[in-house]
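File shown here: model.cif, holding mmCIF, C-alpha atoms.
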```cif
data_query
#
loop_
_atom_site.label_atom_id
_atom_site.label_comp_id
_atom_site.auth_asym_id
_atom_site.auth_seq_id
_atom_site.Cartn_x
_atom_site.Cartn_y
_atom_site.Cartn_z
CA GLU A 1 -11.53 32.29 -79.74
CA ASP A 2 -10.13 32.48 -83.29
CA ALA A 3 -6.60 32.57 -81.90
CA THR A 4 -7.41 29.56 -79.73
CA LYS A 5 -8.71 27.61 -82.73
CA ALA A 6 -5.55 28.37 -84.68
CA ALA A 7 -3.34 27.37 -81.76
CA LEU A 8 -5.31 24.33 -80.56
CA ARG A 9 -2.72 21.87 -81.83
CA SER A 10 -0.04 23.82 -79.97
CA LEU A 11 -1.74 23.14 -76.64
CA ARG A 12 -0.47 19.56 -76.74
CA LYS A 13 2.95 20.33 -78.21
CA GLU A 14 4.23 23.49 -76.49
CA SER A 15 4.09 25.04 -73.03
CA SER A 16 2.75 28.44 -71.90
CA VAL A 17 0.68 28.82 -75.07
CA PHE A 18 -1.95 31.12 -73.57
CA THR A 19 0.63 33.40 -72.00
CA TYR A 20 2.33 33.74 -75.38
CA LEU A 21 -0.96 34.45 -77.16
CA PHE A 22 -2.82 36.68 -74.72
CA ALA A 23 -0.60 38.17 -72.00
CA ARG A 24 0.25 41.39 -73.80
CA SER A 25 -3.29 41.94 -75.12
CA LEU A 26 -4.83 41.41 -71.69
CA SER A 27 -2.47 43.88 -70.08
CA SER A 28 -3.27 46.48 -72.73
CA LEU A 29 -7.03 45.98 -72.40
CA ALA A 30 -6.82 46.23 -68.61
CA GLN A 31 -5.19 49.64 -69.02
CA TRP A 32 -7.49 50.96 -71.72
CA LEU A 33 -10.88 49.81 -70.44
CA ARG A 34 -12.79 50.80 -67.36
CA PRO A 35 -12.63 48.09 -64.69
CA GLU A 36 -16.31 47.20 -65.04
CA ASN A 37 -16.03 46.96 -68.84
CA PHE A 38 -12.89 44.85 -68.62
CA THR A 39 -14.59 42.49 -66.16
CA ALA A 40 -17.64 42.13 -68.41
CA LEU A 41 -15.42 41.42 -71.40
CA GLY A 42 -13.42 38.94 -69.34
CA ARG A 43 -16.51 37.03 -68.27
CA TYR A 44 -17.82 36.87 -71.82
CA THR A 45 -14.48 35.68 -73.16
CA THR A 46 -13.92 33.03 -70.49
CA ASP A 47 -17.45 31.72 -71.01
CA LYS A 48 -16.87 31.21 -74.75
CA LEU A 49 -13.35 29.92 -74.25
CA GLY A 50 -14.40 27.44 -71.59
CA LYS A 51 -17.19 26.01 -73.72
CA TYR A 52 -14.94 25.79 -76.76
CA LEU A 53 -12.07 24.06 -74.98
CA LEU A 54 -14.34 21.54 -73.27
CA ASN A 55 -16.22 20.77 -76.48
CA GLN A 56 -12.99 20.24 -78.39
CA LEU A 57 -11.57 17.99 -75.69
CA LEU A 58 -14.70 15.83 -75.54
CA ARG A 59 -14.82 15.45 -79.34
CA GLN A 60 -11.14 14.85 -80.10
CA PRO A 61 -9.54 11.39 -80.38
CA PRO A 62 -7.33 10.20 -77.51
CA PHE A 63 -4.00 11.97 -77.06
CA ALA A 64 -1.07 10.29 -78.75
CA SER A 65 1.02 10.17 -75.57
CA GLU A 66 1.07 11.12 -71.91
CA VAL A 67 3.42 13.98 -72.81
CA GLU A 68 0.73 15.51 -75.00
CA THR A 69 -1.83 14.95 -72.27
CA GLU A 70 0.29 16.69 -69.66
CA LEU A 71 1.10 19.65 -71.92
CA PHE A 72 -2.58 20.17 -72.74
CA ALA A 73 -3.51 20.07 -69.04
CA ALA A 74 -0.69 22.43 -68.06
CA ASN A 75 -1.66 24.93 -70.75
CA CYS A 76 -5.38 24.90 -69.96
CA LYS A 77 -5.07 25.01 -66.18
CA GLU A 78 -1.81 26.40 -64.83
CA ASP A 79 -0.99 28.69 -67.75
CA LEU A 80 -4.49 29.90 -68.62
CA GLY A 81 -5.63 30.00 -65.00
CA GLY A 82 -2.60 31.93 -63.83
CA LEU A 83 -2.85 34.40 -66.67
CA LEU A 84 -6.54 35.18 -66.07
CA ALA A 85 -6.24 35.19 -62.28
CA SER A 86 -3.88 38.15 -62.52
CA HIS A 87 -6.66 40.22 -64.13
CA LEU A 88 -9.99 38.76 -62.96
CA GLU A 89 -11.60 37.58 -59.74
CA PRO A 90 -12.15 33.83 -59.12
CA ALA A 91 -15.91 34.25 -59.54
CA ASP A 92 -15.33 35.63 -63.03
CA LEU A 93 -13.62 32.38 -64.05
CA ALA A 94 -16.40 29.99 -63.05
CA GLN A 95 -17.10 29.01 -66.67
CA LEU A 96 -13.64 27.47 -66.90
CA GLN A 97 -14.15 25.07 -63.99
CA GLN A 98 -15.29 22.20 -66.20
CA VAL A 99 -12.11 22.57 -68.24
CA TRP A 100 -10.01 22.64 -65.09
CA ASP A 101 -11.82 19.56 -63.77
CA SER A 102 -10.92 17.85 -67.02
CA CYS A 103 -7.29 18.83 -66.53
CA GLU A 104 -7.34 17.23 -63.08
CA LEU A 105 -8.48 13.98 -64.67
CA LEU A 106 -5.81 14.21 -67.37
CA ILE A 107 -2.99 14.44 -64.81
CA LEU A 108 -4.45 12.01 -62.28
CA PRO A 109 -1.99 9.15 -61.53
CA LEU A 110 -2.62 6.30 -63.93
CA ASP A 111 -3.79 3.76 -61.35
CA ALA A 112 -6.19 6.29 -59.83
CA ALA A 113 -7.47 7.27 -63.28
CA ILE A 114 -8.19 3.65 -64.22
CA GLU A 115 -9.93 2.99 -60.91
CA THR A 116 -12.00 6.17 -61.20
CA LEU A 117 -13.15 5.16 -64.68
CA LYS A 118 -14.03 1.69 -63.42
CA VAL A 119 -16.23 3.07 -60.65
CA LEU A 120 -17.95 5.59 -62.91
CA SER A 121 -18.50 3.04 -65.68
CA ARG A 122 -19.91 0.43 -63.34
CA ALA A 123 -22.29 2.91 -61.78
CA ALA A 124 -23.43 4.09 -65.21
CA ARG A 125 -24.06 0.52 -66.35
CA LEU A 126 -25.85 -0.56 -63.19
CA THR A 127 -28.15 2.42 -62.82
CA PRO A 128 -30.67 1.63 -65.62
CA SER A 129 -30.69 -2.13 -64.98
CA TYR A 130 -31.08 -2.25 -61.24
CA ALA A 131 -33.33 0.76 -60.75
CA ARG A 132 -36.26 -1.58 -61.40
CA VAL A 133 -35.53 -4.18 -58.72
CA SER A 134 -38.25 -3.02 -56.34
CA THR A 135 -39.81 0.11 -54.95
CA ASP A 136 -37.61 0.13 -51.86
CA GLY A 137 -34.58 -1.30 -53.63
CA THR A 138 -34.81 1.26 -56.41
CA GLN A 139 -34.41 4.24 -54.14
CA GLN A 140 -31.67 2.68 -52.06
CA SER A 141 -29.73 1.37 -55.06
CA GLY A 142 -29.93 4.70 -56.87
CA GLU A 143 -28.67 6.56 -53.83
CA VAL A 144 -25.74 4.18 -53.41
CA LEU A 145 -24.73 4.44 -57.07
CA GLU A 146 -24.95 8.22 -57.02
CA ARG A 147 -22.84 8.29 -53.86
CA LYS A 148 -20.23 6.03 -55.45
CA GLN A 149 -20.05 8.33 -58.46
CA ALA A 150 -19.83 11.45 -56.32
CA GLU A 151 -17.09 9.96 -54.16
CA ALA A 152 -15.09 8.93 -57.21
CA LEU A 153 -15.37 12.39 -58.76
CA VAL A 154 -14.41 14.21 -55.56
CA GLY A 155 -11.49 11.86 -55.05
CA ALA A 156 -10.28 12.72 -58.54
CA GLY A 157 -10.45 16.46 -57.85
CA VAL A 158 -13.59 17.10 -59.91
CA GLN A 159 -15.90 19.89 -58.76
CA VAL A 160 -18.57 20.45 -61.42
CA LEU A 161 -17.86 18.15 -64.39
CA SER A 162 -20.57 15.51 -64.94
CA ALA A 163 -19.83 11.80 -64.55
CA ALA A 164 -20.51 11.20 -68.25
CA ASP A 165 -18.08 13.91 -69.35
CA ALA A 166 -15.52 12.71 -66.79
CA MET A 167 -15.58 9.23 -68.33
CA THR A 168 -15.12 10.72 -71.80
CA VAL A 169 -12.15 12.79 -70.64
CA LEU A 170 -10.49 9.84 -68.90
CA ARG A 171 -10.71 7.84 -72.12
CA LYS A 172 -8.69 10.56 -73.89
CA ARG A 173 -5.63 9.32 -72.00
CA PRO A 174 -3.87 6.68 -74.12
CA GLU A 175 -3.00 4.35 -71.23
CA VAL A 176 -6.50 4.54 -69.81
CA ALA A 177 -8.10 4.03 -73.22
CA ALA A 178 -5.90 0.97 -73.75
CA ALA A 179 -6.63 -0.53 -70.33
CA SER A 180 -10.03 -1.92 -71.38
CA VAL A 181 -11.59 -0.92 -68.08
CA ALA A 182 -15.14 -0.79 -69.41
CA GLU A 183 -16.95 -4.04 -68.61
CA SER A 184 -19.19 -5.51 -71.30
CA GLU A 185 -21.41 -7.34 -68.84
CA THR A 186 -22.27 -6.73 -65.19
CA SER A 187 -21.61 -9.76 -63.04
CA PHE A 188 -23.28 -10.53 -59.74
CA SER A 189 -19.95 -9.98 -57.97
CA VAL A 190 -19.90 -6.39 -59.25
CA LEU A 191 -23.46 -5.92 -58.06
CA GLN A 192 -22.53 -7.16 -54.59
CA GLU A 193 -19.61 -4.73 -54.52
CA MET A 194 -21.57 -1.69 -55.65
CA LEU A 195 -24.98 -2.21 -54.03
CA PRO A 196 -26.22 -3.05 -50.54
CA ALA A 197 -26.64 -6.75 -49.80
CA GLY A 198 -30.44 -6.43 -49.66
CA ALA A 199 -30.72 -4.91 -53.14
CA ALA A 200 -28.39 -7.49 -54.67
CA GLN A 201 -30.28 -10.33 -52.98
CA ALA A 202 -33.57 -8.91 -54.24
CA THR A 203 -32.22 -8.96 -57.78
CA LEU A 204 -31.13 -12.57 -57.44
CA GLN A 205 -34.51 -13.59 -56.03
CA LEU A 206 -36.30 -11.72 -58.81
CA GLY A 207 -34.31 -13.62 -61.42
CA ALA A 208 -34.92 -16.94 -59.72
CA GLY A 209 -38.65 -16.24 -59.51
CA ALA A 210 -38.80 -15.39 -63.21
CA LEU A 211 -37.07 -18.64 -64.08
CA GLN A 212 -39.45 -20.61 -61.86
CA GLN A 213 -42.50 -19.01 -63.51
CA LEU A 214 -41.09 -19.83 -66.96
CA SER A 215 -40.50 -23.41 -65.89
CA ASP A 216 -44.07 -23.75 -64.55
CA LYS A 217 -45.60 -22.40 -67.77
CA THR A 218 -43.40 -24.42 -70.07
CA PRO A 219 -43.06 -27.98 -68.74
CA LEU A 220 -40.11 -29.91 -69.99
CA PRO A 221 -40.98 -32.82 -72.39
#
```
Show how you would write the structure in this file as structure tokens.
Amino acid sequence: EDATKAALRSLRKESSVFTYLFARSLSSLAQWLRPENFTALGRYTTDKLGKYLLNQLLRQPPFASEVETELFAANCKEDLGGLLASHLEPADLAQLQQVWDSCELLILPLDAAIETLKVLSRAARLTPSYARVSTDGTQQSGEVLERKQAEALVGAGVQVLSAADAMTVLRKRPEVAAASVAESETSFSVLQEMLPAGAAQATLQLGAGALQQLSDKTPLP
């Protein structure tokens, strides 16, 4: 972990960083340790490394360029994954899956990345507001929004990363961050697109009813 902290800036500037840092040490440990001890050490290390890399990615400012983005993704997925796969079983690397999901988002084609962020952002904005439409509408609307999110994540190659973290990662890409894809207000056209017609109509009727009640209680002069 200490070596990773020292080399974190190199992940976006150079290629094959993990191979350079750890290949020789891993080979030596694999020879010196019993298989069960090496596996236990490997699981512990990948758990800490996965958490550290994901935390740093979520907290850092956007990358300065797509070149930096691609180098970071290549280092954390292809280089790190290939290095560890030569010593450990896939099940031992499960703690790195969130990092690898993030790498998929970082190398997603720009148009697909922008569209994925749009879908996830819209669903996140709609969920609190329209979950109170009605008892029946609430359940149906929530299911539709969750399905939209799940479909967007799967389409982007994400396996375990949460929707909230996926949106944060996508905004680390300079072109995506500059695209202004987040919508400040949810229009009725967006609601019609995201939700079933019945739920959207119920929302419109609810708003009209509230306005009618306000008008009845407060007559115009």
Can you tell me which residues surround Ala123 in chain A at a distance of at most 8 Å, considering all atoms listed in the file, apart from same-chain residues fewer than 6 positions away, and format the answer as a count of residues only?
5
Determine the residue membership of the PyMOL selection byres ((chain A and resi 43) around 12) for the file above and supply it as a list in words.
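Applied to this file, the PyMOL selection byres ((chain A and resi 43) around 12) selects Glu36, Asn37, Phe38, Thr39, Ala40, Leu41, Gly42, Tyr44, Thr45, Thr46, Asp47, Lys48, Leu49, Gly50, Leu84, His87, Leu88, Glu89, Pro90, Ala91, Asp92, Leu93, Ala94, Gln95 and Leu96 of chain A.
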Evaluate the PyMOL selection byres ((chain A and resi 15-23) around 7) on the structure here and hand back the selected residues as number ranges by chain.
A: 11, 14, 24-27, 71, 75, 79-80, 83
Could you please take those selected residues and save C-alpha atoms as a PDB file, keeping the file's coordinate frame?
```pdb
ATOM      1  CA  LEU A  11      -1.740  23.140 -76.640  1.00  0.00           C
ATOM      2  CA  GLU A  14       4.230  23.490 -76.490  1.00  0.00           C
ATOM      3  CA  ARG A  24       0.250  41.390 -73.800  1.00  0.00           C
ATOM      4  CA  SER A  25      -3.290  41.940 -75.120  1.00  0.00           C
ATOM      5  CA  LEU A  26      -4.830  41.410 -71.690  1.00  0.00           C
ATOM      6  CA  SER A  27      -2.470  43.880 -70.080  1.00  0.00           C
ATOM      7  CA  LEU A  71       1.100  19.650 -71.920  1.00  0.00           C
ATOM      8  CA  ASN A  75      -1.660  24.930 -70.750  1.00  0.00           C
ATOM      9  CA  ASP A  79      -0.990  28.690 -67.750  1.00  0.00           C
ATOM     10  CA  LEU A  80      -4.490  29.900 -68.620  1.00  0.00           C
ATOM     11  CA  LEU A  83      -2.850  34.400 -66.670  1.00  0.00           C
TER      12      LEU A  83
END
```
Could you please determine the separation between CA of Val176 in chain A and CA of Val144 in chain A in Å, to one decimal place?
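Going from CA of Val176 in chain A over to CA of Val144 in chain A, I get 25.3 Å.
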Among listed residues A:Glu68, A:Glu104, A:Glu78, A:Glu143, nearest Leu170 in chain A (using only C-alpha atoms)
A:Glu104
Using only C-alpha atoms, determine which residues lie at most 10 Å from Trp100 in chain A, disregarding the query and same-chain residues fewer than 2 positions distant; provide the list as a short mmCIF file (atom, residue, chain, number, x, y, z; two decimals) with C-alpha atoms, keeping the file's coordinate frame.
```
data_model
loop_
_atom_site.label_atom_id
_atom_site.label_comp_id
_atom_site.auth_asym_id
_atom_site.auth_seq_id
_atom_site.Cartn_x
_atom_site.Cartn_y
_atom_site.Cartn_z
CA GLY A 50 -14.40 27.44 -71.59
CA LEU A 54 -14.34 21.54 -73.27
CA ALA A 73 -3.51 20.07 -69.04
CA ALA A 74 -0.69 22.43 -68.06
CA CYS A 76 -5.38 24.90 -69.96
CA LYS A 77 -5.07 25.01 -66.18
CA GLU A 78 -1.81 26.40 -64.83
CA LEU A 80 -4.49 29.90 -68.62
CA GLY A 81 -5.63 30.00 -65.00
CA ALA A 94 -16.40 29.99 -63.05
CA GLN A 95 -17.10 29.01 -66.67
CA LEU A 96 -13.64 27.47 -66.90
CA GLN A 97 -14.15 25.07 -63.99
CA GLN A 98 -15.29 22.20 -66.20
CA SER A 102 -10.92 17.85 -67.02
CA CYS A 103 -7.29 18.83 -66.53
CA GLU A 104 -7.34 17.23 -63.08
CA LEU A 105 -8.48 13.98 -64.67
CA LEU A 106 -5.81 14.21 -67.37
CA GLY A 157 -10.45 16.46 -57.85
CA VAL A 158 -13.59 17.10 -59.91
CA GLN A 159 -15.90 19.89 -58.76
CA VAL A 160 -18.57 20.45 -61.42
CA LEU A 161 -17.86 18.15 -64.39
#
```
Would you work out the distance separating CA of Ile107 in chain A from CA of Thr69 in chain A, expressed in Å to one decimal?
7.6 Å
